[in-house]
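So this one's target32.cif, mmCIF, C-alpha atoms and all ligand atoms:
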data_work
#
loop_
_atom_site.label_atom_id
_atom_site.label_comp_id
_atom_site.auth_asym_id
_atom_site.auth_seq_id
_atom_site.Cartn_x
_atom_site.Cartn_y
_atom_site.Cartn_z
CA MET A 1300 0.00 0.00 0.00
CA SER A 1301 1.12 3.53 -0.78
CA TYR A 1302 0.21 6.54 1.37
CA ARG A 1303 0.53 10.29 1.00
CA ILE A 1304 1.60 11.84 4.29
CA ALA A 1305 1.45 15.60 4.77
CA VAL A 1306 4.42 16.50 6.98
CA LEU A 1307 4.32 19.73 8.99
CA PRO A 1308 7.68 20.03 10.78
CA GLY A 1309 6.99 23.40 12.47
CA ASP A 1310 9.58 25.22 14.57
CA PHE A 1311 12.62 24.63 16.80
CA ILE A 1312 12.64 20.92 17.75
CA GLY A 1313 9.65 20.22 15.48
CA PRO A 1314 11.82 19.55 12.39
CA GLU A 1315 14.30 17.56 14.52
CA VAL A 1316 11.71 15.05 15.77
CA VAL A 1317 9.91 14.94 12.42
CA ASP A 1318 13.12 14.22 10.48
CA ALA A 1319 13.87 11.37 12.88
CA THR A 1320 10.38 9.96 12.43
CA VAL A 1321 10.42 10.18 8.63
CA GLU A 1322 13.74 8.37 8.64
CA VAL A 1323 12.32 5.56 10.78
CA LEU A 1324 9.15 5.32 8.67
CA GLU A 1325 11.27 5.04 5.53
CA ALA A 1326 13.18 2.15 7.09
CA LEU A 1327 9.96 0.52 8.31
CA ALA A 1328 8.02 0.74 5.04
CA PRO A 1329 9.79 -1.97 2.97
CA LEU A 1330 9.62 -4.40 5.90
CA HIS A 1331 5.81 -4.22 5.77
CA GLY A 1332 5.18 -3.78 2.05
CA LEU A 1333 4.36 -0.08 2.47
CA ALA A 1334 5.38 3.03 0.56
CA PHE A 1335 5.14 6.59 1.85
CA GLU A 1336 5.13 9.77 -0.14
CA PHE A 1337 6.07 12.55 2.28
CA GLN A 1338 5.04 16.08 1.40
CA ARG A 1339 6.83 18.66 3.59
CA LEU A 1340 4.75 21.77 4.14
CA PRO A 1341 5.36 25.20 5.66
CA PHE A 1342 3.77 25.59 9.08
CA GLY A 1343 4.19 27.65 12.23
CA GLY A 1344 6.50 30.56 12.94
CA SER A 1345 8.85 29.52 10.16
CA ALA A 1346 5.88 29.76 7.75
CA ILE A 1347 5.13 33.26 9.06
CA GLU A 1348 8.68 34.18 7.99
CA SER A 1349 8.54 32.40 4.63
CA HIS A 1350 4.87 32.63 3.60
CA GLY A 1351 3.45 35.45 5.74
CA GLU A 1352 1.14 33.18 7.75
CA ALA A 1353 1.39 30.24 10.13
CA LEU A 1354 -1.02 28.05 8.16
CA PRO A 1355 -0.59 28.98 4.47
CA PRO A 1356 -3.29 27.83 2.02
CA VAL A 1357 -0.88 25.33 0.42
CA THR A 1358 -0.51 23.60 3.78
CA ARG A 1359 -4.19 23.70 4.64
CA GLU A 1360 -5.15 22.21 1.28
CA ALA A 1361 -2.45 19.55 1.13
CA ALA A 1362 -3.22 18.44 4.69
CA ALA A 1363 -6.90 17.98 3.94
CA ALA A 1364 -6.07 16.00 0.78
CA ALA A 1365 -3.49 13.67 2.38
CA ASP A 1366 -4.04 10.19 3.83
CA ALA A 1367 -2.70 11.44 7.16
CA VAL A 1368 -1.02 14.51 8.64
CA LEU A 1369 2.17 14.18 10.68
CA MET A 1370 3.05 17.29 12.64
CA GLY A 1371 6.08 18.21 14.73
CA SER A 1372 5.47 21.21 16.92
CA ALA A 1373 5.20 24.90 16.29
CA GLY A 1374 5.59 28.11 18.24
CA GLY A 1375 8.21 30.42 19.62
CA PRO A 1376 9.86 30.91 23.00
CA VAL A 1377 7.38 31.51 25.81
CA GLY A 1378 8.69 35.00 26.65
CA ASP A 1379 8.71 38.14 24.57
CA HIS A 1380 9.21 37.25 20.89
CA PRO A 1381 8.01 38.80 17.61
CA TRP A 1382 5.65 35.85 16.95
CA ASN A 1383 4.00 36.44 20.35
CA ARG A 1384 3.41 40.11 19.60
CA LEU A 1385 1.23 39.40 16.57
CA PRO A 1386 -2.53 39.86 16.87
CA ARG A 1387 -4.17 36.71 18.24
CA GLU A 1388 -5.53 35.48 14.89
CA LYS A 1389 -2.09 35.68 13.28
CA ARG A 1390 -0.22 33.84 16.00
CA VAL A 1391 1.29 30.39 15.52
CA GLU A 1392 -1.06 28.87 18.09
CA SER A 1393 -4.06 30.15 16.12
CA GLY A 1394 -2.65 28.34 13.08
CA ILE A 1395 -2.60 25.11 15.10
CA LEU A 1396 -6.20 25.61 16.22
CA THR A 1397 -7.34 26.52 12.71
CA LEU A 1398 -5.74 23.36 11.32
CA ARG A 1399 -7.56 21.21 13.90
CA ARG A 1400 -10.88 22.89 13.10
CA HIS A 1401 -10.23 22.72 9.35
CA LEU A 1402 -9.63 18.97 9.56
CA GLY A 1403 -12.58 18.54 11.93
CA VAL A 1404 -10.53 16.50 14.39
CA TYR A 1405 -12.61 16.95 17.52
CA ALA A 1406 -11.13 14.04 19.48
CA ASN A 1407 -7.54 14.19 20.69
CA LEU A 1408 -6.34 10.81 21.99
CA ARG A 1409 -3.36 11.08 24.31
CA PRO A 1410 -2.24 7.69 25.63
CA VAL A 1411 0.00 7.62 28.70
CA THR A 1412 1.80 4.33 29.18
CA VAL A 1413 4.88 3.03 30.90
CA PHE A 1414 6.61 0.36 28.83
CA PRO A 1415 7.22 -2.87 30.75
CA GLY A 1416 10.80 -2.80 32.01
CA LEU A 1417 11.06 0.99 31.80
CA GLU A 1418 9.45 1.82 35.15
CA ARG A 1419 12.84 2.98 36.42
CA LEU A 1420 12.63 6.01 34.10
CA SER A 1421 9.63 7.33 36.05
CA PRO A 1422 10.14 9.78 38.91
CA LEU A 1423 7.33 7.89 40.64
CA ARG A 1424 8.20 4.79 42.63
CA GLU A 1425 8.48 1.86 40.23
CA GLU A 1426 5.58 -0.04 41.78
CA ARG A 1427 3.35 3.01 41.28
CA ALA A 1428 4.34 3.55 37.65
CA ARG A 1429 4.31 -0.12 36.61
CA GLY A 1430 1.43 -1.04 34.33
CA THR A 1431 0.24 2.54 33.70
CA ASP A 1432 -2.02 2.44 30.66
CA MET A 1433 -4.42 5.36 30.49
CA LEU A 1434 -5.94 7.21 27.59
CA ILE A 1435 -6.79 10.88 27.87
CA VAL A 1436 -9.60 11.73 25.46
CA ARG A 1437 -9.45 15.49 25.06
CA GLU A 1438 -12.15 17.45 23.24
CA LEU A 1439 -10.16 19.45 20.68
CA THR A 1440 -12.30 21.79 18.59
CA GLY A 1441 -14.52 23.46 21.16
CA GLY A 1442 -14.62 24.80 24.69
CA ILE A 1443 -12.79 27.89 25.89
CA TYR A 1444 -10.28 27.65 23.01
CA PHE A 1445 -12.96 28.69 20.54
CA GLY A 1446 -15.81 30.20 22.60
CA LYS A 1447 -17.14 33.66 21.81
CA PRO A 1448 -16.99 36.34 23.01
CA SER A 1449 -13.27 36.49 23.57
CA GLY A 1450 -11.04 39.51 23.59
CA THR A 1451 -9.05 42.11 25.43
CA GLU A 1452 -9.93 45.70 26.19
CA ALA A 1453 -7.99 48.37 28.01
CA ASP A 1454 -9.06 47.15 31.43
CA ARG A 1455 -10.31 43.60 30.95
CA GLY A 1456 -9.71 40.38 29.14
CA TYR A 1457 -12.22 37.58 28.65
CA SER A 1458 -12.70 34.15 27.10
CA THR A 1459 -15.84 32.04 27.01
CA MET A 1460 -16.07 28.37 27.84
CA VAL A 1461 -19.05 26.98 25.98
CA TYR A 1462 -20.07 23.49 24.86
CA GLU A 1463 -22.91 22.55 22.55
CA ARG A 1464 -24.82 19.32 23.20
CA HIS A 1465 -23.62 17.66 19.98
CA GLU A 1466 -19.98 18.43 20.83
CA VAL A 1467 -20.24 16.71 24.21
CA GLU A 1468 -22.27 13.79 22.88
CA ARG A 1469 -19.76 12.89 20.17
CA ILE A 1470 -16.69 13.03 22.43
CA ALA A 1471 -18.53 11.08 25.14
CA ARG A 1472 -19.51 8.39 22.60
CA LEU A 1473 -15.94 8.14 21.38
CA ALA A 1474 -14.69 7.76 24.96
CA PHE A 1475 -17.27 5.04 25.77
CA GLU A 1476 -16.63 3.18 22.50
CA THR A 1477 -12.89 3.25 23.16
CA ALA A 1478 -13.37 2.06 26.73
CA ARG A 1479 -15.36 -0.94 25.47
CA LYS A 1480 -12.28 -2.04 23.55
CA ARG A 1481 -10.07 -1.50 26.61
CA ARG A 1482 -10.95 -2.13 30.27
CA GLY A 1483 -14.48 -0.72 30.18
CA HIS A 1484 -13.88 2.22 32.53
CA VAL A 1485 -14.38 5.94 31.86
CA THR A 1486 -13.48 8.78 34.21
CA ASN A 1487 -15.22 12.03 33.34
CA VAL A 1488 -13.21 15.08 34.43
CA ASP A 1489 -14.95 18.43 34.86
CA LYS A 1490 -15.54 21.34 37.21
CA ALA A 1491 -19.27 20.88 37.65
CA ASN A 1492 -19.11 22.09 41.24
CA VAL A 1493 -18.36 25.61 40.01
CA LEU A 1494 -18.88 26.03 36.25
CA ASP A 1495 -22.27 25.93 34.52
CA VAL A 1496 -20.60 24.75 31.33
CA SER A 1497 -19.17 21.79 33.26
CA GLN A 1498 -22.54 20.89 34.83
CA PHE A 1499 -24.00 20.85 31.31
CA TRP A 1500 -21.05 18.73 30.10
CA ARG A 1501 -21.54 16.26 32.94
CA ASP A 1502 -25.30 15.99 32.42
CA VAL A 1503 -24.77 15.19 28.73
CA VAL A 1504 -22.07 12.60 29.50
CA VAL A 1505 -24.37 10.94 32.05
CA GLY A 1506 -27.23 10.93 29.53
CA VAL A 1507 -25.12 9.26 26.83
CA HIS A 1508 -23.88 6.73 29.36
CA GLU A 1509 -27.33 5.77 30.65
CA SER A 1510 -28.97 5.49 27.26
CA GLU A 1511 -26.19 3.95 25.17
CA TYR A 1512 -23.32 2.58 27.28
CA PRO A 1513 -24.67 1.18 30.57
CA ASP A 1514 -22.13 -1.67 30.30
CA VAL A 1515 -19.23 0.78 30.70
CA THR A 1516 -18.33 1.96 34.21
CA LEU A 1517 -18.50 5.75 34.54
CA GLU A 1518 -17.09 7.80 37.39
CA HIS A 1519 -16.61 11.54 37.83
CA LEU A 1520 -13.73 13.59 39.19
CA TYR A 1521 -13.36 17.32 39.60
CA VAL A 1522 -10.37 18.46 37.60
CA ASP A 1523 -8.36 19.66 40.59
CA ASN A 1524 -8.63 16.30 42.33
CA ALA A 1525 -8.08 14.49 39.00
CA ALA A 1526 -4.72 16.25 38.62
CA MET A 1527 -3.66 14.81 41.97
CA GLN A 1528 -5.08 11.31 41.44
CA VAL A 1529 -3.50 10.88 38.01
CA VAL A 1530 0.02 11.11 39.39
CA ARG A 1531 -0.77 9.55 42.78
CA ASP A 1532 -2.24 6.33 41.39
CA PRO A 1533 -2.02 6.26 37.57
CA ARG A 1534 -3.04 2.61 37.34
CA ALA A 1535 -6.51 3.46 38.62
CA PHE A 1536 -7.32 5.01 35.22
CA ASP A 1537 -8.40 3.55 31.91
CA VAL A 1538 -10.10 6.19 29.70
CA LEU A 1539 -10.41 9.80 30.88
CA VAL A 1540 -12.66 12.22 29.00
CA MET A 1541 -12.56 15.98 29.40
CA GLY A 1542 -12.84 19.33 27.69
CA ASN A 1543 -10.18 21.10 25.67
CA LEU A 1544 -8.43 23.13 28.38
CA PHE A 1545 -8.47 20.46 31.09
CA GLY A 1546 -7.12 17.90 28.63
CA ASP A 1547 -4.30 20.20 27.61
CA ILE A 1548 -3.19 20.63 31.21
CA LEU A 1549 -3.68 17.08 32.50
CA SER A 1550 -1.81 15.51 29.59
CA ASP A 1551 1.36 17.54 30.27
CA LEU A 1552 1.02 16.58 33.93
CA ALA A 1553 0.63 12.90 33.06
CA ALA A 1554 3.92 13.06 31.13
CA VAL A 1555 5.63 12.94 34.51
CA ILE A 1556 4.59 9.28 34.83
CA PRO A 1557 6.71 7.87 31.94
CA GLY A 1558 9.43 10.37 32.82
CA SER A 1559 9.42 12.99 30.05
CA LEU A 1560 7.05 15.12 28.04
CA GLY A 1561 9.13 14.05 25.05
CA VAL A 1562 7.61 10.56 24.95
CA LEU A 1563 3.88 11.32 24.78
CA PRO A 1564 2.13 10.88 21.41
CA SER A 1565 -1.29 11.92 20.21
CA ALA A 1566 -3.81 11.27 17.49
CA SER A 1567 -6.54 13.75 16.59
CA LEU A 1568 -9.51 12.04 14.99
CA GLY A 1569 -13.07 12.60 13.94
CA GLY A 1570 -12.54 14.34 10.60
CA SER A 1571 -11.80 12.95 7.18
CA VAL A 1572 -8.03 12.99 7.82
CA GLY A 1573 -6.25 12.22 11.09
CA LEU A 1574 -3.67 14.58 12.59
CA TYR A 1575 -0.78 12.96 14.46
CA GLU A 1576 1.50 15.02 16.67
CA PRO A 1577 3.45 14.71 19.90
CA VAL A 1578 1.96 16.29 23.03
CA HIS A 1579 5.00 18.50 23.59
CA GLY A 1580 5.73 21.88 22.03
CA SER A 1581 8.64 23.29 20.07
CA ALA A 1582 11.00 23.38 23.10
CA PRO A 1583 13.11 26.37 22.02
CA ASP A 1584 15.20 25.86 25.17
CA ILE A 1585 16.80 22.67 23.78
CA ALA A 1586 16.48 23.20 20.00
CA GLY A 1587 19.60 22.79 17.87
CA ARG A 1588 21.47 20.80 20.51
CA GLY A 1589 20.64 17.38 19.10
CA VAL A 1590 18.89 16.21 22.26
CA ALA A 1591 15.19 16.43 21.34
CA ASN A 1592 13.45 13.17 22.20
CA PRO A 1593 11.74 11.83 19.05
CA VAL A 1594 9.72 9.17 20.91
CA GLY A 1595 6.50 11.23 21.13
CA THR A 1596 6.56 11.76 17.38
CA LEU A 1597 7.57 8.16 16.65
CA LEU A 1598 4.68 6.87 18.75
CA SER A 1599 2.36 9.38 17.06
CA ALA A 1600 3.44 7.84 13.76
CA ALA A 1601 2.57 4.42 15.21
CA MET A 1602 -0.90 5.77 16.05
CA MET A 1603 -1.11 7.05 12.47
CA LEU A 1604 -0.27 3.59 11.16
CA ARG A 1605 -2.78 1.83 13.41
CA LEU A 1606 -5.70 4.27 13.58
CA GLY A 1607 -5.37 6.20 10.33
CA LEU A 1608 -3.92 3.72 7.84
CA ASP A 1609 -5.13 0.42 9.33
CA GLN A 1610 -1.58 -0.95 9.42
CA GLY A 1611 -1.62 -2.53 12.87
CA PRO A 1612 1.36 -4.88 12.41
CA ALA A 1613 3.59 -2.03 11.19
CA ALA A 1614 2.44 0.09 14.16
CA ALA A 1615 3.29 -2.71 16.59
CA ALA A 1616 6.69 -3.17 14.95
CA LEU A 1617 7.45 0.52 15.33
CA GLU A 1618 6.32 0.56 18.99
CA GLY A 1619 8.41 -2.53 19.67
CA ALA A 1620 11.51 -0.97 18.15
CA VAL A 1621 11.03 2.20 20.22
CA ALA A 1622 10.61 0.14 23.40
CA ARG A 1623 13.74 -1.89 22.66
CA ALA A 1624 15.81 1.21 21.89
CA LEU A 1625 14.62 2.83 25.14
CA ALA A 1626 15.39 -0.30 27.15
CA ASP A 1627 18.87 -0.48 25.68
CA ASP A 1628 19.81 3.16 26.43
CA PRO A 1629 17.24 5.96 26.64
CA THR A 1630 17.45 9.56 25.51
CA VAL A 1631 19.14 12.23 27.63
CA ASP A 1632 15.85 13.71 28.92
CA LEU A 1633 15.14 10.28 30.44
CA GLY A 1634 18.57 10.06 32.02
CA GLY A 1635 20.17 8.06 29.21
CA SER A 1636 23.05 9.05 26.98
CA ARG A 1637 21.49 9.12 23.52
CA GLY A 1638 20.70 12.26 21.58
CA THR A 1639 18.21 12.44 18.73
CA ARG A 1640 20.57 10.99 16.12
CA ALA A 1641 21.92 8.08 18.13
CA PHE A 1642 18.45 7.18 19.38
CA THR A 1643 16.95 7.29 15.88
CA GLU A 1644 19.69 5.00 14.61
CA ALA A 1645 18.98 2.63 17.49
CA VAL A 1646 15.28 2.51 16.58
CA VAL A 1647 16.09 1.79 12.93
CA ALA A 1648 18.47 -0.98 14.00
CA ALA A 1649 15.81 -2.44 16.32
CA LEU A 1650 13.36 -2.61 13.38
CA GLU A 1651 15.42 -5.24 11.66
CA PRO A 1652 13.69 -8.59 12.02
CA SER A 1653 17.03 -10.14 13.00
CA ALA A 1654 17.43 -7.72 15.91
CA VAL A 1655 13.98 -8.40 17.29
CA SER A 1656 14.34 -11.56 19.35
CA GLY A 1657 17.62 -10.65 21.01
CA ALA A 1658 16.57 -7.14 21.98
CA ARG A 1659 13.12 -8.11 23.21
CA SER A 1660 14.58 -9.99 26.15
CA ALA A 1661 16.40 -6.79 27.09
CA ALA A 1662 13.16 -4.82 26.99
CA ARG A 1663 11.24 -7.45 28.94
CA PRO A 1664 13.67 -9.05 31.34
CA SER A 1665 10.96 -11.03 33.11
CA ALA A 1666 9.91 -12.69 29.88
CA GLY A 1667 13.47 -13.35 28.63
P1 LIG A 1701 7.29 22.61 25.43
O1 LIG A 1701 6.48 21.38 25.42
O2 LIG A 1701 7.87 23.05 24.16
O3 LIG A 1701 8.50 22.40 26.47
C1 LIG A 1701 8.28 22.13 27.85
C2 LIG A 1701 9.53 21.48 28.47
O4 LIG A 1701 9.65 20.14 27.99
C3 LIG A 1701 10.83 22.18 28.05
O5 LIG A 1701 11.74 22.16 29.13
C4 LIG A 1701 11.35 21.32 26.92
O6 LIG A 1701 12.75 21.35 26.76
C5 LIG A 1701 10.86 19.93 27.31
N1 LIG A 1701 10.59 19.10 26.12
C6 LIG A 1701 9.52 19.23 25.29
N2 LIG A 1701 9.59 18.34 24.30
C7 LIG A 1701 10.73 17.64 24.48
C8 LIG A 1701 11.35 16.59 23.76
N3 LIG A 1701 10.82 16.08 22.64
N4 LIG A 1701 12.53 16.10 24.22
C9 LIG A 1701 13.07 16.59 25.34
N5 LIG A 1701 12.53 17.58 26.08
C10 LIG A 1701 11.37 18.12 25.65
O7 LIG A 1701 6.39 23.73 26.11
P2 LIG A 1701 6.58 25.34 26.18
O8 LIG A 1701 8.01 25.66 26.45
O9 LIG A 1701 5.57 25.80 27.11
O10 LIG A 1701 6.18 25.88 24.74
C11 LIG A 1701 7.11 26.20 23.71
C12 LIG A 1701 6.36 26.57 22.45
O11 LIG A 1701 5.69 25.43 21.91
C13 LIG A 1701 5.28 27.63 22.65
O12 LIG A 1701 5.31 28.50 21.55
C14 LIG A 1701 4.00 26.83 22.67
O13 LIG A 1701 2.88 27.60 22.29
C15 LIG A 1701 4.32 25.76 21.66
N6 LIG A 1701 3.55 24.51 21.75
C16 LIG A 1701 3.22 23.93 20.57
C17 LIG A 1701 2.58 22.71 20.56
C18 LIG A 1701 2.23 22.08 19.25
O14 LIG A 1701 2.82 22.41 18.25
N7 LIG A 1701 1.27 21.19 19.21
C19 LIG A 1701 2.30 22.07 21.77
C20 LIG A 1701 2.67 22.68 22.97
C21 LIG A 1701 3.31 23.90 22.96
C1 LIG A 1702 -1.03 21.23 22.69
C2 LIG A 1702 -0.61 22.68 22.73
C3 LIG A 1702 -1.62 23.53 21.98
C4 LIG A 1702 -2.94 23.41 22.73
C5 LIG A 1702 -1.26 25.01 21.79
C6 LIG A 1702 0.14 25.22 21.35
C7 LIG A 1702 -2.23 25.65 20.84
O1 LIG A 1702 -0.41 23.10 24.04
O2 LIG A 1702 -1.20 20.68 21.59
O3 LIG A 1702 -1.15 20.62 23.76
O4 LIG A 1702 -3.15 24.12 23.75
O5 LIG A 1702 -3.78 22.62 22.30
MN MN A 1703 -0.40 21.48 25.50
#
As structure tokens, what does this structure read like?
Amino acid sequence: MSYRIAVLPGDFIGPEVVDATVEVLEALAPLHGLAFEFQRLPFGGSAIESHGEALPPVTREAAAAADAVLMGSAGGPVGDHPWNRLPREKRVESGILTLRRHLGVYANLRPVTVFPGLERLSPLREERARGTDMLIVRELTGGIYFGKPSGTEADRGYSTMVYERHEVERIARLAFETARKRRGHVTNVDKANVLDVSQFWRDVVVGVHESEYPDVTLEHLYVDNAAMQVVRDPRAFDVLVMGNLFGDILSDLAAVIPGSLGVLPSASLGGSVGLYEPVHGSAPDIAGRGVANPVGTLLSAAMMLRLGLDQGPAAAALEGAVARALADDPTVDLGGSRGTRAFTEAVVAALEPSAVSGARSAARPSAG
């Protein structure tokens, strides 16, 4: 099978992790009878410099026409920077939001797992991290990110958190459907004790549950307590569903469990084309030093293979190679010695069928 992949490298470490991932996909393809046609497109702050806007029409159109979209990360340093002084609608982050809306990808799946044998990389005690396998289902095209009115005036600033019934119903259904294929447990995260929008959200989730998914277990947590529980006892969670802003925050927090924000992948689904990108940003603080962790992007590519292209065996092969490379010697952000280049080469080497059996026993000592 041959696939057209729109590639949006973005800024700072975005191109570093995307280049690594394209290299691994090119090595993986012939092993699974696949062919990829990668189309690199301008996106982010670098596209503001080269094309005058963060999401140029060429990128928007090619992304919508591709079989899948693979994105790095975009944006400038968090402090004062020319890109951050642009009017809101011209900023890099608005380009990211517009792309998500344009593709219609309302469901952002952010899995948080700890690979067997890699519990030692977690700052949590090993017995707490072991077996972590949760899926954050983040609503991606609504909520306070898009609500109107929103603006700033001389003496006030305001944003609106609003959810329509159909927006909550479809993300709730996706969470319940996904839970049915996993361990049958959904945790709804909201702030219904304070926010009207959250009470509405919760009522809709409960309605969908009672009428369509009574076989799935549903529990509720307020977002403040959820933040604490997720890192206190990560194994208590299967699927978590929440609105746009809460999902953004809790997924960065959950990155503490595997040990680095650099390892978390995501898939954004629900439109005609899936968007696959790591959870992390453009990390200007480490860009150009050859130490960006490509694992989040590699695992996003695995999600692309499995969920977008229906190539489950190739996805599993890629995930296995990443796990073996990590077990052998992780990246510097995880306390290992490998930079982007050395780690990418290790993943490519671990793809080789001949390398599989020997390395697997290193990744899973108990099974070896
Ligand atoms: P960030 O995720 O870029 O970085 C947070 C911390 O994690 C930094 O210390 C960074 O060095 C580290 N880190 C992130 N990814 C890493 C990796 N792959 N390997 C090793 N370490 C890694 O968050 P930030 O600093 O708040 O944001 C920087 C820029 O990125 C901002 O412009 C922000 O808007 C943007 N951003 C973009 C996306 C996206 O493109 N989807 C996502 C988040 C943030
Ligand atoms: C993410 C990022 C984006 C978000 C920003 C950069 C628009 O933080 O993908 O998690 O808030 O969704
Ligand atoms: Mn974020």
Per-residue nearest contacts chain A to ligand LIG 1702 (chain A), cut-off 6 Å, using all atoms listed in the file, as CSV:
residue,atom,partner,partner_atom,distance
A:Glu1392,CA,A:LIG1702,C7,4.4
A:Ile1395,CA,A:LIG1702,C7,5.8
A:Asp1547,CA,A:LIG1702,O3,5.0
A:Val1578,CA,A:LIG1702,O3,5.4
Contacts between ligand MN 1703 (chain A) and chain A, please, where a residue of chain A counts if it comes within 10 Å (with all atoms listed in the file); show its shortest atom pair and distance in Å to one decimal, rows by chain and ascending number, as JSON lines.
{"residue": "A:Asn1543", "atom": "CA", "partner": "A:MN1703", "partner_atom": "MN", "distance": 9.8}
{"residue": "A:Leu1544", "atom": "CA", "partner": "A:MN1703", "partner_atom": "MN", "distance": 8.7}
{"residue": "A:Phe1545", "atom": "CA", "partner": "A:MN1703", "partner_atom": "MN", "distance": 9.9}
{"residue": "A:Gly1546", "atom": "CA", "partner": "A:MN1703", "partner_atom": "MN", "distance": 8.2}
{"residue": "A:Asp1547", "atom": "CA", "partner": "A:MN1703", "partner_atom": "MN", "distance": 4.6}
{"residue": "A:Ile1548", "atom": "CA", "partner": "A:MN1703", "partner_atom": "MN", "distance": 6.4}
{"residue": "A:Leu1549", "atom": "CA", "partner": "A:MN1703", "partner_atom": "MN", "distance": 8.9}
{"residue": "A:Ser1550", "atom": "CA", "partner": "A:MN1703", "partner_atom": "MN", "distance": 7.4}
{"residue": "A:Asp1551", "atom": "CA", "partner": "A:MN1703", "partner_atom": "MN", "distance": 6.4}
{"residue": "A:Leu1552", "atom": "CA", "partner": "A:MN1703", "partner_atom": "MN", "distance": 9.9}
{"residue": "A:Pro1577", "atom": "CA", "partner": "A:MN1703", "partner_atom": "MN", "distance": 9.6}
{"residue": "A:Val1578", "atom": "CA", "partner": "A:MN1703", "partner_atom": "MN", "distance": 6.2}
{"residue": "A:His1579", "atom": "CA", "partner": "A:MN1703", "partner_atom": "MN", "distance": 6.5}
{"residue": "A:Gly1580", "atom": "CA", "partner": "A:MN1703", "partner_atom": "MN", "distance": 7.1}
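With distances restricted to all atoms listed in the file, A:Gly1589 is the closest residue to ligand LIG 1701 (chain A) from A:Gly1589, A:Pro1386, A:Gly1573, A:Gly1506.
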For Glu1315 (chain A), the closest of A:His1331, A:Arg1534, A:Arg1339, A:Arg1588 counting only C-alpha atoms is A:Arg1588
Write as a PDB file with C-alpha atoms, keeping the file's coordinate frame the residues around ligand LIG 1701 (chain A), taking 8 Å as the cut-off and counting all atoms listed in the file.
ATOM      1  CA  GLY A1309       6.990  23.400  12.470  1.00  0.00           C
ATOM      2  CA  ILE A1312      12.640  20.920  17.750  1.00  0.00           C
ATOM      3  CA  GLY A1313       9.650  20.220  15.480  1.00  0.00           C
ATOM      4  CA  VAL A1316      11.710  15.050  15.770  1.00  0.00           C
ATOM      5  CA  MET A1370       3.050  17.290  12.640  1.00  0.00           C
ATOM      6  CA  GLY A1371       6.080  18.210  14.730  1.00  0.00           C
ATOM      7  CA  SER A1372       5.470  21.210  16.920  1.00  0.00           C
ATOM      8  CA  ALA A1373       5.200  24.900  16.290  1.00  0.00           C
ATOM      9  CA  GLY A1374       5.590  28.110  18.240  1.00  0.00           C
ATOM     10  CA  GLY A1375       8.210  30.420  19.620  1.00  0.00           C
ATOM     11  CA  PRO A1376       9.860  30.910  23.000  1.00  0.00           C
ATOM     12  CA  VAL A1377       7.380  31.510  25.810  1.00  0.00           C
ATOM     13  CA  VAL A1391       1.290  30.390  15.520  1.00  0.00           C
ATOM     14  CA  GLU A1392      -1.060  28.870  18.090  1.00  0.00           C
ATOM     15  CA  ILE A1395      -2.600  25.110  15.100  1.00  0.00           C
ATOM     16  CA  SER A1559       9.420  12.990  30.050  1.00  0.00           C
ATOM     17  CA  LEU A1560       7.050  15.120  28.040  1.00  0.00           C
ATOM     18  CA  GLY A1561       9.130  14.050  25.050  1.00  0.00           C
ATOM     19  CA  VAL A1562       7.610  10.560  24.950  1.00  0.00           C
ATOM     20  CA  GLU A1576       1.500  15.020  16.670  1.00  0.00           C
ATOM     21  CA  PRO A1577       3.450  14.710  19.900  1.00  0.00           C
ATOM     22  CA  VAL A1578       1.960  16.290  23.030  1.00  0.00           C
ATOM     23  CA  HIS A1579       5.000  18.500  23.590  1.00  0.00           C
ATOM     24  CA  GLY A1580       5.730  21.880  22.030  1.00  0.00           C
ATOM     25  CA  SER A1581       8.640  23.290  20.070  1.00  0.00           C
ATOM     26  CA  ALA A1582      11.000  23.380  23.100  1.00  0.00           C
ATOM     27  CA  PRO A1583      13.110  26.370  22.020  1.00  0.00           C
ATOM     28  CA  ASP A1584      15.200  25.860  25.170  1.00  0.00           C
ATOM     29  CA  ILE A1585      16.800  22.670  23.780  1.00  0.00           C
ATOM     30  CA  ALA A1586      16.480  23.200  20.000  1.00  0.00           C
ATOM     31  CA  VAL A1590      18.890  16.210  22.260  1.00  0.00           C
ATOM     32  CA  ALA A1591      15.190  16.430  21.340  1.00  0.00           C
ATOM     33  CA  ASN A1592      13.450  13.170  22.200  1.00  0.00           C
ATOM     34  CA  PRO A1593      11.740  11.830  19.050  1.00  0.00           C
ATOM     35  CA  VAL A1594       9.720   9.170  20.910  1.00  0.00           C
ATOM     36  CA  GLY A1595       6.500  11.230  21.130  1.00  0.00           C
ATOM     37  CA  VAL A1631      19.140  12.230  27.630  1.00  0.00           C
ATOM     38  CA  ASP A1632      15.850  13.710  28.920  1.00  0.00           C
TER      39      ASP A1632
END
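Counting all atoms listed in the file, the residue from A:Thr1643, A:Ser1458, A:Thr1486, A:Ser1571 that sits nearest to Thr1516 (chain A) is A:Thr1486.
Across the structure, CA of Leu1517 (chain A) and CA of Asn1487 (chain A) are spaced 7.2 Å apart.
Nearest to Tyr1575 (chain A) of all the residues A:Glu1425, A:Asp1627, A:Glu1618, A:Asp1366 is A:Asp1366, based on all atoms listed in the file.
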At a cut-off of 12 Å, using all atoms listed in the file, what residues contact Asp1523 (chain A)? Leave out same-chain residues fewer than 3 positions from it and give the result as a ChimeraX atom specification.
/A:1488-1493,1519-1520,1526-1529,1545,1548-1549,1552
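Taking CA of Leu1598 (chain A) as the reference point, CA of Arg1424 (chain A) is found at 24.2 Å.
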